[in-house]
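*Asks:* Pasting in a structure now, in structure tokens, and then I'll have a few things to ask.
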Number of protein chains: 2
Amino acid sequence: MTTAEKLAKLNEMLEEISFYGRVGSKLGFDQETTCPRMGMEQGSKDLNKISEQIFKIKHSKKFMDLVIDLNSHLDELDPIHKRLIEVLYKQYNDNKNVTNKMNNNANEASSTAYIKWIEAKEKSDYEMFKPYLKKVIDITKKIYLTREEQKETLYDTIIADYEPGWSVKRYDEFFDTLKTSLIPLINKIQKSKKKIRRDFLSFSVPIYKQEEFSKYLLLREGHTFDRLAMLTTEHPFTSKMGADDVRVTTHYYENNFLSNAYSIMHEGGHALFDLNEPKEFVDNYVDGNMTMAMHECMSRLFENMITRSKAFTHLMYPKFKELFSEEFPDVTEEQLYEAANIAEPSLNRCDADELTYSLHIVIRYELEKEFINGKTNVNGLNKKWNKLYKQYLGVKVPNDKEGILQDVHWTGSYGYFPTYALGSAYAAQIYHKMNQEFDVEEAIANDNIIKVVEWLKDHAWNIASLYEPDVWIKKVTGEEFNPKYYIEYLTKKYSELYELD
Amino acid sequence: MTTAEKLAKLNEMLEEISFYGRVGSKLGFDQETTCPRMGMEQGSKDLNKISEQIFKIKHSKKFMDLVIDLNSHLDELDPIHKRLIEVLYKQYNDNKNVTNKMNNNANEASSTAYIKWIEAKEKSDYEMFKPYLKKVIDITKKIYLTREEQKETLYDTIIADYEPGWSVKRYDEFFDTLKTSLIPLINKIQKSKKKIRRDFLSFSVPIYKQEEFSKYLLLREGHTFDRLAMLTTEHPFTSKMGADDVRVTTHYYENNFLSNAYSIMHEGGHALFDLNEPKEFVDNYVDGNMTMAMHECMSRLFENMITRSKAFTHLMYPKFKELFSEEFPDVTEEQLYEAANIAEPSLNRCDADELTYSLHIVIRYELEKEFINGKTNVNGLNKKWNKLYKQYLGVKVPNDKEGILQDVHWTGSYGYFPTYALGSAYAAQIYHKMNQEFDVEEAIANDNIIKVVEWLKDHAWNIASLYEPDVWIKKVTGEEFNPKYYIEYLTKKYSELYELD
């Protein structure tokens, strides 16, 4: 067989995998958006069966032989196929000792944990969730331990899986840098005399109005609804079903309208990335190969740098006045901007301001590091959570619902959280670069976010799936990754807002 | 192999079919409720692939041999398995000459027609839809013509497929009986001096309020939301994903709040049936084997006899006052009841009153009969539609959107429409029987519709999937099918409402 023939054979199987991938994504999406409670168990079983089909193809001798064979002829491949084979070979190598049974157990443990998490969160009862969490952690460890190549610790292995090039040591340094620079800034802010109006943040806003506002915001962010759907879930997320079909979800709180507004801008950022990879990536099954931090980079870029800006507040203010004249008759544009950027230690990661956000991540990172590397177990994890919130953020967690049960992630993945903070730092570096090329705030204020989208399409999204993060960030910005841009960005924004010296 | 072993083998394949069935239903549901426009093409392709999987299993030698074998030992089977094998053998026999290609062509033609129908309806342009309609009709005919056993005409074959025991001749008689009795009644009503207040029917009602009202109505109808989901689509429908997972959809019109209210009660009736078949039917794959008219019987029973009653109006009136005090400050309970039952020839089948409803069906029946039996083709079908509306209902159709493009059905099925009218007649006969056993209106007024549900569970739903309609109606009511109950019911209700002598 020629290389082209091998690739053609492989493509057939990749098309099959991608068919089951789309079906699985739709079933999963249905499960979280629509499925009535009593249908979820059957839904999970069916979802696991789909995942099993993908597993079977990827673990078939025919598929593995092709991948191994093509991997030994990488030099004969064009850059896109070279990347494809590298990714598939890594997947093969990482998972070759994972049995079908382990895979099924992992899926089952995770989907059961998801259902139990919703119940436990409703009842604010960590103990209810604990045994299911333990099961997912155990099976996750078991699966990672089948790898022949192990890093210094198991958590290092997991971390590098999400973000190649990163380790516990590097993350420790990164978080130390953030803490050293940001904690003094947070302290200064807490002493600042600046008064930010906040009463209206908890005013009641009917859900249907929030929904209309969200749709408006997505349009302003550069979306059209012929390629995007918006629904409601317990925890907001973005799901890509195909090159022209991405869905974002949000969660409405009647007494916290900004939560939905910025959460939808966050998911909207993910969706813009998903909808704008080069067509040849999609056609050749290499789209979606960016890391989590690279993806979070875009969601946080749009959520924070772009839409929490003065320019965007100016852009959305007329609609805000029109929709909410009854709820907020006297809120000025400046008050809205300031309220959307209040820096204040709080309980909830999703609603955290840009400044204290990283501390929420540090807490999760430190707990994960401990329970994955076996220094602690799931008993009393909620108490440890609460202790760290007190220590780092100075807030008292009143219950598990607002504490350890707030995030969905631990029903299935560990090592993901640190990528949120890293993504924000990537975003700041890219935002800095973009601003050297054109006036971003001006583009936003002129309802021309499409200029930002186009720049990212041409400079970042066009190569993201081809490179590992360190290479990518250098290609996009011309420099090695440097957290100083993130710190500078936050220092400037918050010094201005809080009128610090 | 023993019979038990054969059944076990068959069950494995039926479980596989039912897995793909659920997946297909969810993908189809996603397509109609959520999928953004540009994702629909890929969605259709994936849906067709699922349908192909089912086709392959059902047409596999292993499956067919088992069905043929078990069919020759029907006397060894318990009633449930006997019914299962009879149904599967009929399916086998009816479809054995249908090739995979024909099946794919049919699916493709139908899903394309669906997409084009939405576009054509938006643009109110029958010509746009016409070629796709023609394609679906052609492939449908082609498929039915592969059957070895052909009835008198092709439309007879199709009709008997939907409703065993029924033919063009029998339907012609049935519709003649209806016309003979109902047209004089309609004429009397048109001359009646009774004034029914109708101004408020077109008052603007915000969608979010209609949504809340719909949810309330579904609860009153006997639903709980742990087994039912409610979404929005172009054309309302009900879809069963499993024994504990049924979804209903509705369509909101800002200036026609009753349209949504009764359409959701109609779908709610379907859903009650779907959610209340015996568990052993579900476990043995014989659930869902009632005919279309038997299913429509239940949707129309709940939509009309149950929820368009004075008792139900009384039950929902407090919520109506609470939700719509702003929109309808002075609408009385009696005015609401009367307005929900205005008998008046109109353009739209879904919104038609109980009395003129059958005439909408006659029009579709007559057109189907003609174009399936080849006496006419799709050219000018919209003009024929408009002519019949003028002739039977005396209304002028202003455009295709409100005319021939109003219904989704012809994007994939013919012979379905007549079952709506027949279902209403079944419903009246069952409603009559039920009233002999307890006071139905009293149960409704006491918010005790569950009594109706329980009665139907014990007398109708517990055997529906086991019998053909003529046998079923006799078992439920103790009598042969008789349209007189339908005519008597309508005559009584409308004579009272319009104060006729």
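Residue numbering restarts at 1 for every chain of the structure tokens, chains are lettered A, B, ... in their displayed order, and ligands are numbered from 1 as they appear.
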Please identify every residue of chain B that has at least one atom no more than 6 Å from any atom of chain A, counting only C-alpha atoms, and report them as a PyMOL selection string.
*Replies:* chain B and resi 36-39+226-229+244-245
*Asks:* Limited to N, CA, C and O atoms, could you put the picked residues into a file as a tab-separated table (two decimals), in the first residue's frame?
*Replies:*
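The result, stored in selection31.tsv:
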chain	number	residue	atom	x	y	z
B	36	PRO	N	-28.67	24.09	14.92
B	36	PRO	CA	-28.69	25.31	14.10
B	36	PRO	C	-28.78	24.95	12.61
B	36	PRO	O	-28.38	23.86	12.21
B	37	ARG	N	-29.33	25.86	11.83
B	37	ARG	CA	-29.65	25.59	10.43
B	37	ARG	C	-28.51	24.94	9.65
B	37	ARG	O	-28.69	23.96	8.93
B	38	MET	N	-27.30	25.49	9.84
B	38	MET	CA	-26.19	24.98	9.04
B	38	MET	C	-25.67	23.62	9.50
B	38	MET	O	-24.87	23.00	8.81
B	39	GLY	N	-26.13	23.17	10.65
B	39	GLY	CA	-25.72	21.85	11.11
B	39	GLY	C	-26.68	20.75	10.69
B	39	GLY	O	-26.43	19.57	10.91
B	226	ASP	N	-40.45	14.59	35.62
B	226	ASP	CA	-39.30	13.69	35.71
B	226	ASP	C	-39.31	12.63	34.61
B	226	ASP	O	-38.35	11.89	34.45
B	227	ARG	N	-40.40	12.57	33.86
B	227	ARG	CA	-40.46	11.61	32.74
B	227	ARG	C	-40.80	12.32	31.43
B	227	ARG	O	-40.90	11.67	30.39
B	228	LEU	N	-41.02	13.61	31.49
B	228	LEU	CA	-41.46	14.35	30.31
B	228	LEU	C	-40.64	15.61	30.13
B	228	LEU	O	-40.37	16.32	31.10
B	229	ALA	N	-40.25	15.91	28.89
B	229	ALA	CA	-39.61	17.19	28.59
B	229	ALA	C	-40.48	17.95	27.59
B	229	ALA	O	-41.19	17.33	26.80
B	244	ASP	N	-39.39	5.73	30.24
B	244	ASP	CA	-39.46	6.84	31.19
B	244	ASP	C	-38.94	8.14	30.61
B	244	ASP	O	-38.42	8.99	31.33
B	245	ASP	N	-39.04	8.28	29.32
B	245	ASP	CA	-38.47	9.47	28.68
B	245	ASP	C	-39.27	9.79	27.42
B	245	ASP	O	-39.03	9.21	26.37
*Asks:* What parts of segment 107-347 of chain B does DSSP call strand (DSSP E or B)? I'd like the answer as number ranges by chain.
*Replies:* B: 228-232, 238-242, 245-250
*Asks:* Find the residues near Leu405 of chain B: any atom within 9 Å, counting only C-alpha atoms, skip ones fewer than 5 places away on the same chain, and give them as a list in words.
*Replies:*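 Near neighbours after the sequence-gap exclusion: Trp117, Ile118, Ala120, Lys121, Ser124, Asp125, Tyr126, Phe129, Asn382 and Asp400 of chain B.
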*Asks:* Taking the chain letters and numbering used in this document, name the residues of segment 229-356 of chain B that DSSP puts in alpha helix (DSSP H), as a tab-separated table (two decimals) with N, CA and C atoms, in the first residue's frame.
*Replies:*
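What ended up in states31.tsv:
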chain	number	residue	atom	x	y	z
B	257	PHE	N	-52.77	32.55	21.79
B	257	PHE	CA	-52.30	31.76	22.94
B	257	PHE	C	-53.01	30.42	23.06
B	258	LEU	N	-54.25	30.31	22.55
B	258	LEU	CA	-54.95	29.03	22.67
B	258	LEU	C	-54.37	27.95	21.77
B	259	SER	N	-53.71	28.39	20.69
B	259	SER	CA	-53.11	27.42	19.79
B	259	SER	C	-52.11	26.56	20.55
B	260	ASN	N	-51.21	27.21	21.26
B	260	ASN	CA	-50.23	26.47	22.05
B	260	ASN	C	-50.90	25.67	23.16
B	261	ALA	N	-51.86	26.27	23.85
B	261	ALA	CA	-52.47	25.60	25.00
B	261	ALA	C	-53.09	24.26	24.61
B	262	TYR	N	-53.88	24.24	23.53
B	262	TYR	CA	-54.52	22.98	23.18
B	262	TYR	C	-53.62	22.05	22.39
B	263	SER	N	-52.64	22.63	21.71
B	263	SER	CA	-51.70	21.76	21.01
B	263	SER	C	-50.85	21.00	22.04
B	264	ILE	N	-50.51	21.65	23.13
B	264	ILE	CA	-49.72	20.94	24.15
B	264	ILE	C	-50.59	19.90	24.87
B	265	MET	N	-51.89	20.15	24.98
B	265	MET	CA	-52.77	19.14	25.57
B	265	MET	C	-52.92	17.92	24.65
B	266	HIS	N	-52.88	18.20	23.34
B	266	HIS	CA	-52.92	17.12	22.35
B	266	HIS	C	-51.67	16.24	22.47
B	267	GLU	N	-50.51	16.88	22.44
B	267	GLU	CA	-49.26	16.12	22.55
B	267	GLU	C	-49.15	15.45	23.92
B	268	GLY	N	-49.66	16.14	24.93
B	268	GLY	CA	-49.67	15.55	26.28
B	268	GLY	C	-50.46	14.25	26.32
B	269	GLY	N	-51.53	14.18	25.54
B	269	GLY	CA	-52.32	12.95	25.45
B	269	GLY	C	-51.51	11.82	24.83
B	270	HIS	N	-50.82	12.13	23.74
B	270	HIS	CA	-49.91	11.13	23.15
B	270	HIS	C	-48.91	10.64	24.20
B	271	ALA	N	-48.37	11.62	24.92
B	271	ALA	CA	-47.30	11.29	25.88
B	271	ALA	C	-47.82	10.42	27.01
B	272	LEU	N	-49.05	10.67	27.47
B	272	LEU	CA	-49.61	9.83	28.54
B	272	LEU	C	-49.70	8.38	28.09
B	273	PHE	N	-50.15	8.20	26.85
B	273	PHE	CA	-50.22	6.86	26.28
B	273	PHE	C	-48.82	6.23	26.26
B	274	ASP	N	-47.86	6.97	25.70
B	274	ASP	CA	-46.49	6.46	25.57
B	274	ASP	C	-45.87	6.10	26.92
B	275	LEU	N	-46.23	6.86	27.95
B	275	LEU	CA	-45.59	6.65	29.26
B	275	LEU	C	-46.30	5.60	30.10
B	279	LYS	N	-45.19	-2.37	31.63
B	279	LYS	CA	-43.75	-2.53	31.62
B	279	LYS	C	-43.32	-3.77	30.83
B	280	GLU	N	-44.11	-4.83	30.93
B	280	GLU	CA	-43.71	-6.06	30.22
B	280	GLU	C	-43.78	-5.90	28.69
B	281	PHE	N	-44.60	-4.96	28.23
B	281	PHE	CA	-44.59	-4.67	26.79
B	281	PHE	C	-43.24	-4.06	26.41
B	282	VAL	N	-42.81	-3.08	27.22
B	282	VAL	CA	-41.54	-2.40	26.94
B	282	VAL	C	-40.40	-3.41	27.00
B	283	ASP	N	-40.40	-4.21	28.05
B	283	ASP	CA	-39.31	-5.18	28.24
B	283	ASP	C	-39.24	-6.20	27.12
B	292	MET	N	-51.75	4.36	14.33
B	292	MET	CA	-51.77	5.81	14.40
B	292	MET	C	-53.12	6.33	14.92
B	293	ALA	N	-54.21	5.76	14.42
B	293	ALA	CA	-55.53	6.24	14.85
B	293	ALA	C	-55.75	5.94	16.32
B	294	MET	N	-55.22	4.82	16.78
B	294	MET	CA	-55.34	4.50	18.21
B	294	MET	C	-54.55	5.52	19.03
B	295	HIS	N	-53.40	5.95	18.51
B	295	HIS	CA	-52.61	6.96	19.22
B	295	HIS	C	-53.32	8.32	19.15
B	296	GLU	N	-53.80	8.66	17.95
B	296	GLU	CA	-54.51	9.94	17.81
B	296	GLU	C	-55.78	9.95	18.65
B	297	CYS	N	-56.36	8.80	18.83
B	297	CYS	CA	-57.53	8.67	19.69
B	297	CYS	C	-57.23	9.27	21.06
B	298	MET	N	-56.07	8.94	21.60
B	298	MET	CA	-55.74	9.41	22.95
B	298	MET	C	-55.38	10.90	22.97
B	299	SER	N	-54.65	11.35	21.95
B	299	SER	CA	-54.29	12.77	21.92
B	299	SER	C	-55.54	13.62	21.76
B	300	ARG	N	-56.48	13.14	20.95
B	300	ARG	CA	-57.69	13.92	20.72
B	300	ARG	C	-58.68	13.78	21.88
B	310	LYS	N	-65.93	22.02	29.96
B	310	LYS	CA	-66.24	23.05	30.96
B	310	LYS	C	-65.47	22.77	32.25
B	311	ALA	N	-65.40	21.48	32.60
B	311	ALA	CA	-64.74	21.11	33.86
B	311	ALA	C	-63.28	21.52	33.85
B	312	PHE	N	-62.60	21.26	32.74
B	312	PHE	CA	-61.18	21.60	32.69
B	312	PHE	C	-60.98	23.11	32.65
B	313	THR	N	-61.87	23.79	31.94
B	313	THR	CA	-61.78	25.26	31.92
B	313	THR	C	-61.89	25.79	33.34
B	314	HIS	N	-62.79	25.20	34.10
B	314	HIS	CA	-62.96	25.59	35.50
B	314	HIS	C	-61.67	25.34	36.30
B	315	LEU	N	-61.05	24.21	36.00
B	315	LEU	CA	-59.83	23.83	36.72
B	315	LEU	C	-58.66	24.77	36.41
B	316	MET	N	-58.55	25.18	35.15
B	316	MET	CA	-57.38	25.98	34.78
B	316	MET	C	-57.61	27.48	34.96
B	317	TYR	N	-58.85	27.86	35.18
B	317	TYR	CA	-59.18	29.29	35.20
B	317	TYR	C	-58.40	30.11	36.25
B	318	PRO	N	-58.23	29.60	37.49
B	318	PRO	CA	-57.46	30.39	38.47
B	318	PRO	C	-56.03	30.70	37.99
B	319	LYS	N	-55.37	29.72	37.37
B	319	LYS	CA	-54.01	29.95	36.86
B	319	LYS	C	-54.05	30.94	35.69
B	320	PHE	N	-55.07	30.80	34.87
B	320	PHE	CA	-55.27	31.72	33.75
B	320	PHE	C	-55.38	33.16	34.27
B	321	LYS	N	-56.17	33.33	35.31
B	321	LYS	CA	-56.34	34.67	35.90
B	321	LYS	C	-55.02	35.18	36.48
B	322	GLU	N	-54.31	34.28	37.15
B	322	GLU	CA	-53.07	34.67	37.81
B	322	GLU	C	-52.01	35.08	36.79
B	323	LEU	N	-51.87	34.28	35.74
B	323	LEU	CA	-50.81	34.55	34.76
B	323	LEU	C	-51.16	35.69	33.81
B	324	PHE	N	-52.43	35.76	33.43
B	324	PHE	CA	-52.80	36.68	32.34
B	324	PHE	C	-53.67	37.84	32.80
B	333	GLU	N	-64.70	32.87	33.04
B	333	GLU	CA	-64.49	31.44	32.83
B	333	GLU	C	-65.36	30.94	31.66
B	334	GLU	N	-66.58	31.41	31.62
B	334	GLU	CA	-67.48	30.98	30.56
B	334	GLU	C	-67.00	31.47	29.19
B	335	GLN	N	-66.53	32.71	29.17
B	335	GLN	CA	-66.01	33.24	27.90
B	335	GLN	C	-64.82	32.43	27.41
B	336	LEU	N	-64.00	32.02	28.35
B	336	LEU	CA	-62.82	31.22	27.99
B	336	LEU	C	-63.25	29.86	27.41
B	337	TYR	N	-64.20	29.22	28.10
B	337	TYR	CA	-64.71	27.94	27.61
B	337	TYR	C	-65.30	28.08	26.21
B	338	GLU	N	-66.12	29.10	26.04
B	338	GLU	CA	-66.78	29.27	24.75
B	338	GLU	C	-65.78	29.56	23.63
B	339	ALA	N	-64.82	30.43	23.95
B	339	ALA	CA	-63.84	30.80	22.92
B	339	ALA	C	-62.99	29.61	22.50
B	354	GLU	N	-63.22	21.29	17.05
B	354	GLU	CA	-63.55	19.87	16.95
B	354	GLU	C	-64.52	19.56	15.83
B	355	LEU	N	-65.42	20.51	15.58
B	355	LEU	CA	-66.51	20.23	14.65
B	355	LEU	C	-66.06	20.26	13.19
B	356	THR	N	-65.30	21.29	12.84
B	356	THR	CA	-64.90	21.41	11.43
B	356	THR	C	-63.62	20.65	11.14
*Asks:* If we count only C-alpha atoms, what is near Lys82 of chain B at a cut-off of 12 Å, once residues fewer than 2 positions away on the same chain are taken out, given as a PDB file with N, CA, C and O atoms, in the first residue's frame?
*Replies:*
ATOM      1  N   THR B   3     -37.347 -22.929  21.432  1.00  0.00           N
ATOM      2  CA  THR B   3     -38.018 -21.651  21.168  1.00  0.00           C
ATOM      3  C   THR B   3     -37.470 -20.551  22.092  1.00  0.00           C
ATOM      4  O   THR B   3     -37.249 -19.420  21.657  1.00  0.00           O
ATOM      5  N   LEU B   7     -35.807 -17.080  20.986  1.00  0.00           N
ATOM      6  CA  LEU B   7     -36.293 -15.775  21.463  1.00  0.00           C
ATOM      7  C   LEU B   7     -35.156 -14.977  22.105  1.00  0.00           C
ATOM      8  O   LEU B   7     -35.065 -13.765  21.929  1.00  0.00           O
ATOM      9  N   VAL B  67     -37.144 -14.786  12.594  1.00  0.00           N
ATOM     10  CA  VAL B  67     -38.529 -14.321  12.541  1.00  0.00           C
ATOM     11  C   VAL B  67     -39.402 -15.312  11.778  1.00  0.00           C
ATOM     12  O   VAL B  67     -40.498 -15.679  12.216  1.00  0.00           O
ATOM     13  N   LEU B  70     -39.763 -18.528  13.956  1.00  0.00           N
ATOM     14  CA  LEU B  70     -40.675 -18.355  15.092  1.00  0.00           C
ATOM     15  C   LEU B  70     -42.111 -18.151  14.633  1.00  0.00           C
ATOM     16  O   LEU B  70     -43.064 -18.583  15.304  1.00  0.00           O
ATOM     17  N   ASN B  71     -42.274 -17.530  13.483  1.00  0.00           N
ATOM     18  CA  ASN B  71     -43.623 -17.305  12.957  1.00  0.00           C
ATOM     19  C   ASN B  71     -44.323 -18.617  12.613  1.00  0.00           C
ATOM     20  O   ASN B  71     -45.550 -18.677  12.588  1.00  0.00           O
ATOM     21  N   SER B  72     -43.556 -19.650  12.356  1.00  0.00           N
ATOM     22  CA  SER B  72     -44.187 -20.942  12.050  1.00  0.00           C
ATOM     23  C   SER B  72     -44.443 -21.751  13.326  1.00  0.00           C
ATOM     24  O   SER B  72     -44.910 -22.878  13.271  1.00  0.00           O
ATOM     25  N   HIS B  73     -44.100 -21.151  14.482  1.00  0.00           N
ATOM     26  CA  HIS B  73     -44.411 -21.809  15.763  1.00  0.00           C
ATOM     27  C   HIS B  73     -45.155 -20.873  16.697  1.00  0.00           C
ATOM     28  O   HIS B  73     -44.904 -20.845  17.903  1.00  0.00           O
ATOM     29  N   LEU B  74     -46.052 -20.084  16.135  1.00  0.00           N
ATOM     30  CA  LEU B  74     -46.762 -19.078  16.930  1.00  0.00           C
ATOM     31  C   LEU B  74     -47.507 -19.698  18.114  1.00  0.00           C
ATOM     32  O   LEU B  74     -47.615 -19.094  19.171  1.00  0.00           O
ATOM     33  N   ASP B  75     -48.015 -20.927  17.897  1.00  0.00           N
ATOM     34  CA  ASP B  75     -48.815 -21.574  18.950  1.00  0.00           C
ATOM     35  C   ASP B  75     -48.013 -21.890  20.209  1.00  0.00           C
ATOM     36  O   ASP B  75     -48.570 -22.104  21.274  1.00  0.00           O
ATOM     37  N   GLU B  76     -46.666 -21.872  20.074  1.00  0.00           N
ATOM     38  CA  GLU B  76     -45.843 -22.162  21.253  1.00  0.00           C
ATOM     39  C   GLU B  76     -45.577 -20.915  22.098  1.00  0.00           C
ATOM     40  O   GLU B  76     -44.921 -20.998  23.136  1.00  0.00           O
ATOM     41  N   LEU B  77     -46.032 -19.776  21.611  1.00  0.00           N
ATOM     42  CA  LEU B  77     -45.645 -18.516  22.271  1.00  0.00           C
ATOM     43  C   LEU B  77     -46.747 -17.963  23.175  1.00  0.00           C
ATOM     44  O   LEU B  77     -47.939 -18.149  22.901  1.00  0.00           O
ATOM     45  N   ASP B  78     -46.322 -17.238  24.239  1.00  0.00           N
ATOM     46  CA  ASP B  78     -47.294 -16.530  25.065  1.00  0.00           C
ATOM     47  C   ASP B  78     -47.821 -15.338  24.261  1.00  0.00           C
ATOM     48  O   ASP B  78     -47.226 -14.958  23.244  1.00  0.00           O
ATOM     49  N   PRO B  79     -48.958 -14.759  24.705  1.00  0.00           N
ATOM     50  CA  PRO B  79     -49.607 -13.724  23.889  1.00  0.00           C
ATOM     51  C   PRO B  79     -48.679 -12.563  23.505  1.00  0.00           C
ATOM     52  O   PRO B  79     -48.740 -12.065  22.386  1.00  0.00           O
ATOM     53  N   ILE B  80     -47.807 -12.153  24.426  1.00  0.00           N
ATOM     54  CA  ILE B  80     -46.926 -11.023  24.119  1.00  0.00           C
ATOM     55  C   ILE B  80     -45.926 -11.390  23.026  1.00  0.00           C
ATOM     56  O   ILE B  80     -45.742 -10.652  22.055  1.00  0.00           O
ATOM     57  N   LEU B  84     -45.466 -10.057  19.211  1.00  0.00           N
ATOM     58  CA  LEU B  84     -44.157  -9.576  18.749  1.00  0.00           C
ATOM     59  C   LEU B  84     -43.779 -10.211  17.422  1.00  0.00           C
ATOM     60  O   LEU B  84     -43.416  -9.515  16.466  1.00  0.00           O
ATOM     61  N   ILE B  85     -43.902 -11.523  17.370  1.00  0.00           N
ATOM     62  CA  ILE B  85     -43.485 -12.223  16.150  1.00  0.00           C
ATOM     63  C   ILE B  85     -44.414 -11.882  14.985  1.00  0.00           C
ATOM     64  O   ILE B  85     -43.968 -11.695  13.847  1.00  0.00           O
ATOM     65  N   GLU B  86     -45.713 -11.769  15.265  1.00  0.00           N
ATOM     66  CA  GLU B  86     -46.641 -11.391  14.188  1.00  0.00           C
ATOM     67  C   GLU B  86     -46.272 -10.040  13.590  1.00  0.00           C
ATOM     68  O   GLU B  86     -46.250  -9.857  12.373  1.00  0.00           O
ATOM     69  N   VAL B  87     -45.967  -9.098  14.465  1.00  0.00           N
ATOM     70  CA  VAL B  87     -45.592  -7.762  13.992  1.00  0.00           C
ATOM     71  C   VAL B  87     -44.294  -7.815  13.190  1.00  0.00           C
ATOM     72  O   VAL B  87     -44.188  -7.238  12.102  1.00  0.00           O
ATOM     73  N   LEU B  88     -43.305  -8.518  13.733  1.00  0.00           N
ATOM     74  CA  LEU B  88     -42.015  -8.596  13.035  1.00  0.00           C
ATOM     75  C   LEU B  88     -42.144  -9.338  11.717  1.00  0.00           C
ATOM     76  O   LEU B  88     -41.511  -8.967  10.725  1.00  0.00           O
ATOM     77  N   TYR B  89     -42.994 -10.374  11.693  1.00  0.00           N
ATOM     78  CA  TYR B  89     -43.169 -11.113  10.448  1.00  0.00           C
ATOM     79  C   TYR B  89     -43.846 -10.238   9.394  1.00  0.00           C
ATOM     80  O   TYR B  89     -43.464 -10.245   8.232  1.00  0.00           O
ATOM     81  N   ASN B 284     -40.372  -6.411  26.457  1.00  0.00           N
ATOM     82  CA  ASN B 284     -40.399  -7.425  25.397  1.00  0.00           C
ATOM     83  C   ASN B 284     -40.582  -6.831  23.994  1.00  0.00           C
ATOM     84  O   ASN B 284     -40.948  -7.532  23.056  1.00  0.00           O
ATOM     85  N   TYR B 285     -40.304  -5.543  23.887  1.00  0.00           N
ATOM     86  CA  TYR B 285     -40.283  -4.869  22.578  1.00  0.00           C
ATOM     87  C   TYR B 285     -41.612  -4.889  21.829  1.00  0.00           C
ATOM     88  O   TYR B 285     -41.640  -4.846  20.608  1.00  0.00           O
ATOM     89  N   VAL B 286     -42.729  -5.007  22.532  1.00  0.00           N
ATOM     90  CA  VAL B 286     -44.004  -4.905  21.813  1.00  0.00           C
ATOM     91  C   VAL B 286     -44.726  -3.578  22.071  1.00  0.00           C
ATOM     92  O   VAL B 286     -45.799  -3.340  21.515  1.00  0.00           O
ATOM     93  N   SER B 465     -51.236  -2.371  22.360  1.00  0.00           N
ATOM     94  CA  SER B 465     -50.178  -2.852  21.473  1.00  0.00           C
ATOM     95  C   SER B 465     -50.363  -4.306  21.061  1.00  0.00           C
ATOM     96  O   SER B 465     -49.618  -4.819  20.241  1.00  0.00           O
ATOM     97  N   LEU B 466     -51.360  -4.962  21.634  1.00  0.00           N
ATOM     98  CA  LEU B 466     -51.548  -6.380  21.313  1.00  0.00           C
ATOM     99  C   LEU B 466     -52.564  -6.617  20.199  1.00  0.00           C
ATOM    100  O   LEU B 466     -52.592  -7.691  19.605  1.00  0.00           O
ATOM    101  N   TYR B 467     -53.426  -5.615  19.956  1.00  0.00           N
ATOM    102  CA  TYR B 467     -54.550  -5.880  19.049  1.00  0.00           C
ATOM    103  C   TYR B 467     -54.667  -4.895  17.889  1.00  0.00           C
ATOM    104  O   TYR B 467     -54.274  -3.744  17.996  1.00  0.00           O
TER     105      TYR B 467
END
*Asks:* Using only C-alpha atoms, can you tell me which of A:Asn276, A:Thr177, A:Asn93, A:Ser192 comes closest to Ala464 of chain A?
*Replies:* A:Asn276
*Asks:* Would you pick out the contacts of Phe237 of chain B at 8 Å or less, using only C-alpha atoms, so that residues sharing its chain but fewer than 3 positions from it are not included, and give the list as a list in words?
*Replies:*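 The residues that qualify are Val248, Thr249, Thr250 and Glu267 of chain B.
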*Asks:* Residues near Ala343 of chain B, anyone? I mean within 9 Å using only C-alpha atoms, not counting same-chain ones fewer than 2 positions away, as a PyMOL selection string.
*Replies:* chain B and resi 186+189-190+341+345+352-356+494
*Asks:* Quick one: of A:Asn255, A:Ser346, A:Ser25, A:Gln91, who's nearest to Asn289 of chain A, counting only C-alpha atoms?
*Replies:*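 Closest residue, counting only C-alpha atoms: A:Gln91.
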*Asks:* Tell me, in Å to one decimal, how far atom CA of His251 of chain A is from atom CA of Cys350 of chain A.
*Replies:*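 Straight-line distance from atom CA of His251 of chain A to atom CA of Cys350 of chain A works out to 10.8 Å.
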*Asks:* So what do you get for atom CA of Phe55 of chain A versus atom CA of Ala113 of chain A, distance-wise?
*Replies:*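 Atom CA of Ala113 of chain A lies 21.0 Å from atom CA of Phe55 of chain A.
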*Asks:* Would you list the contacts of Pro398 of chain B as a list in words, taking every protein, DNA or RNA residue within 9 Å and counting only C-alpha atoms, but skipping same-chain residues closer than 4 positions in sequence?
*Replies:*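 Within the cut-off, the hits are Asn386, Glu402 and Gly403 of chain B.
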